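Reviewing the structure listed below.
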Amino acid sequence: MEHSKYLSVGALTKYLKYKFDQDPYLTRVYLKGELSNVKHHSSGHLFFALKDKDAVLRGVMFSRNVHALKFQPEEGQSVLIEGRVSIFESSGQYQIYADSIEMDGIGLLFEKLEKDKTDLRNQGYFDDKHKKKIPEYPKKIAIISSKTGAALQDMVTTLKRRYPLVTVTIYNTLMQGSKSRTTVIRSLEEADESGADTIILARGGGSIEDLWTFNEKDVALAVFNMKTPIITGIGHETDTTLVDFVSDLRAPTPTAAAEISVPDRVDIFEKLSQTEKFLARSINQKITSDKNRLSTLSSYYKLKNPDLLYDQQTEKLVALKDSLDSRVTSKIRESGYRLSNAKEGVRYNTPTFKIRRGAEILDAYTASLDRTLKVKIESSRQTLGASLDRLNSLSPSNVLKRGYSYTTNEGQVVKTVDAVGDGDIIETTLRDGTVLSKVTEVRNDAGKEK
């Protein structure tokens with residue numbers, strides 16, 4: 001087999017590259033597309049892919065040309081590229097070598113959007129301190145959307161399912177097109193004055209052109225200046241417009257905006273059930289605690305003996321009365337001394353009247369003191385009598401009357417066998433007399449003689 005007719009992969013690639021480089025239609029091309037997989041290499045080169053709905057083309061712009069760009073290439077930008085198409089031999093892929101890149105019409109819009117976003121961010125419009133709290137249990141919700149959009153019905157259904165108590169007011173609004181900016185701002189102003197607790201600004205998905213009204217700076221400022229808390233749900237989850245940055249809360253979709261604007265009645269019922277159980281448990285614990293406290297107080301020794309509660313206070317009262325009597329007497333004597341040379345015929349505000357009144361008070365306190373002393377004396381007499389009875393019951397004479405006796409040896413009471421000895425004369429005292437005895441034998445408890 002003859003092999004000379006077979007080309008190597010490298011040879012074919014070189015041949016194709018030569019053809020590309022010689023073709024006048026490929027040495028200068030003008031392409032329009034969307035940037036994708038944008039990578040800024042540390043060397044300064046720019047690598048990217050250019051795509052549309054039909055195809056994807058790899059591309060590169062070398063650093064010498066990147067420095068001349070008037071914008072920062074980013075993912076999703078629509079651009080116009082001038083350059084040449086050739087083959088990169090190492091991979092065998094054809095790609096565009098860009099000499100210049102400009103933003104397309106929509107790209108210019110994105111450039112304006114980035115500028116507006118930067119300006120508003122630098123002025124603090126995106127700061128959390130400006131975010132108003134969304135009411136937890138709203139009574140009235142205003143929805144700004146188009147009645148012809150499918151998103152509106154989904155929002156209304158969601159609100160009625162989750163929280164049937166809320167009243168929903170719909171502001172039918174043009175959401176795209178040249179006149180939409182004016183109608184959206186007017187609807188925002190009307191809803192803000194309606195007395196709603198929460199406002200939802202939402203529309204379904206669409207192209208970037210369809211959603212562009214919500215990237216307009218004056219629309220964003222109208223949202224920011226709302227007095228009523230506002231939730232935005234524009235497009236799909238991946239769509240983020242300028243109004244989303246300045247609203248009080250951003251939802252990924254219109255339906256999600258409706259969900260987060262109201263609580264779920266299932267959760268409310270669950271919370272109520274848990275609260276009911278908690279209150280019942282707390283009440284039972286309180287009742288048990290109070291019962292235990294009442295039981296403890298009822299067994300308190302001072303409550304069982306009430307006299308202990310006021311005996312000490314009675315003593316203090318007597319002491320205070322004595323002190324008061326002493327002070328009154330002292331004051332009367334002092335006043336009498338000052339009036340020893342006073343004239344007669346004084347009236348109620350004269351020292352004489354004060355002396356007479358002081359004397360009356362002193363007589364009343366004296367009478368009260370006499371009564372108190374009599375009661376105290378009688379109580380003390382009764383207490384003394386009881387003490388004498390107890391003492392009398394313990395006297396030696398009464399003990400002897402019950403059949404007991406005691407023995408002395410030379411005047412000392414005999415308490416042990418060691419206190420006597422053989423031949424001692426001991427004296428035994430009985431109830432009705434004494435017996436003298438002579439000791440002839442002494443034994444201890446073991447029966448042994450001493």
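Scheme for the structure tokens: letters A, B, ... for chains in order shown; per-chain residue numbers from 1; ligand numbers from 1 in order shown.
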
Alpha helix (DSSP H) call set, DSSP backbone run, range 96-234 of chain A, as a PyMOL selection string: chain A and resi 105-122+150-162+180-192+217-224

Okay, now the selection with C-alpha atoms, as a CSV table (one decimal), in the first residue's frame?
chain,number,residue,atom,x,y,z
A,105,GLY,CA,-27.6,48.7,20.5
A,106,ILE,CA,-28.6,46.5,23.5
A,107,GLY,CA,-25.1,46.5,24.6
A,108,LEU,CA,-25.2,50.3,24.8
A,109,LEU,CA,-28.3,49.8,27.0
A,110,PHE,CA,-26.3,47.5,29.3
A,111,GLU,CA,-23.6,50.1,29.5
A,112,LYS,CA,-26.1,52.7,30.5
A,113,LEU,CA,-27.6,50.3,33.0
A,114,GLU,CA,-24.2,49.7,34.6
A,115,LYS,CA,-23.6,53.4,34.9
A,116,ASP,CA,-26.9,54.0,36.5
A,117,LYS,CA,-26.4,51.1,38.9
A,118,THR,CA,-23.0,52.4,39.9
A,119,ASP,CA,-24.4,55.9,40.5
A,120,LEU,CA,-27.3,54.7,42.6
A,121,ARG,CA,-25.1,52.4,44.6
A,122,ASN,CA,-22.5,55.1,45.3
A,150,ALA,CA,-50.4,35.0,33.2
A,151,ALA,CA,-48.4,36.0,36.3
A,152,LEU,CA,-51.3,38.1,37.7
A,153,GLN,CA,-53.7,35.2,38.1
A,154,ASP,CA,-50.9,33.1,39.7
A,155,MET,CA,-50.3,35.8,42.3
A,156,VAL,CA,-54.0,36.3,43.1
A,157,THR,CA,-54.5,32.5,43.5
A,158,THR,CA,-51.4,32.3,45.7
A,159,LEU,CA,-52.6,35.1,48.0
A,160,LYS,CA,-56.1,33.7,48.4
A,161,ARG,CA,-54.8,30.2,49.1
A,162,ARG,CA,-52.2,31.3,51.7
A,180,SER,CA,-44.8,51.6,29.9
A,181,ARG,CA,-42.4,53.8,31.9
A,182,THR,CA,-45.0,56.5,32.4
A,183,THR,CA,-47.8,54.1,33.3
A,184,VAL,CA,-45.7,52.2,35.7
A,185,ILE,CA,-44.7,55.4,37.6
A,186,ARG,CA,-48.3,56.6,37.7
A,187,SER,CA,-49.5,53.2,39.1
A,188,LEU,CA,-46.8,53.3,41.7
A,189,GLU,CA,-48.0,56.7,42.8
A,190,GLU,CA,-51.7,55.7,42.9
A,191,ALA,CA,-50.9,52.5,44.9
A,192,ASP,CA,-48.8,54.4,47.3
A,217,LYS,CA,-33.5,55.1,36.4
A,218,ASP,CA,-36.6,57.2,36.9
A,219,VAL,CA,-38.7,54.1,37.5
A,220,ALA,CA,-36.2,52.8,40.1
A,221,LEU,CA,-36.2,56.2,41.8
A,222,ALA,CA,-40.1,56.1,42.0
A,223,VAL,CA,-39.8,52.7,43.6
A,224,PHE,CA,-37.2,53.9,46.1

Excluding Leu165 in chain A and residues on its chain fewer than 2 positions from it, collect all residues at most 9 Å away from it, counting only C-alpha atoms, and give them as a list in words.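 Counting only the stated atoms, we get Pro138, Lys139, Lys140, Lys160, Tyr163 and Thr167 of chain A.
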
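Of the listed residues A:Lys286, A:Lys415, A:Lys376, A:Arg58, the one whose atoms come nearest to Thr314 in chain A is A:Lys376, with distances taken using only C-alpha atoms.
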
Between A:Val375, A:Ile141, A:Ile96, A:Ala49, which has the minimum distance to Thr27 in chain A (counting only C-alpha atoms)?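 Comparing A:Val375, A:Ile141, A:Ile96, A:Ala49 against Thr27 in chain A, the winner is A:Ile96.
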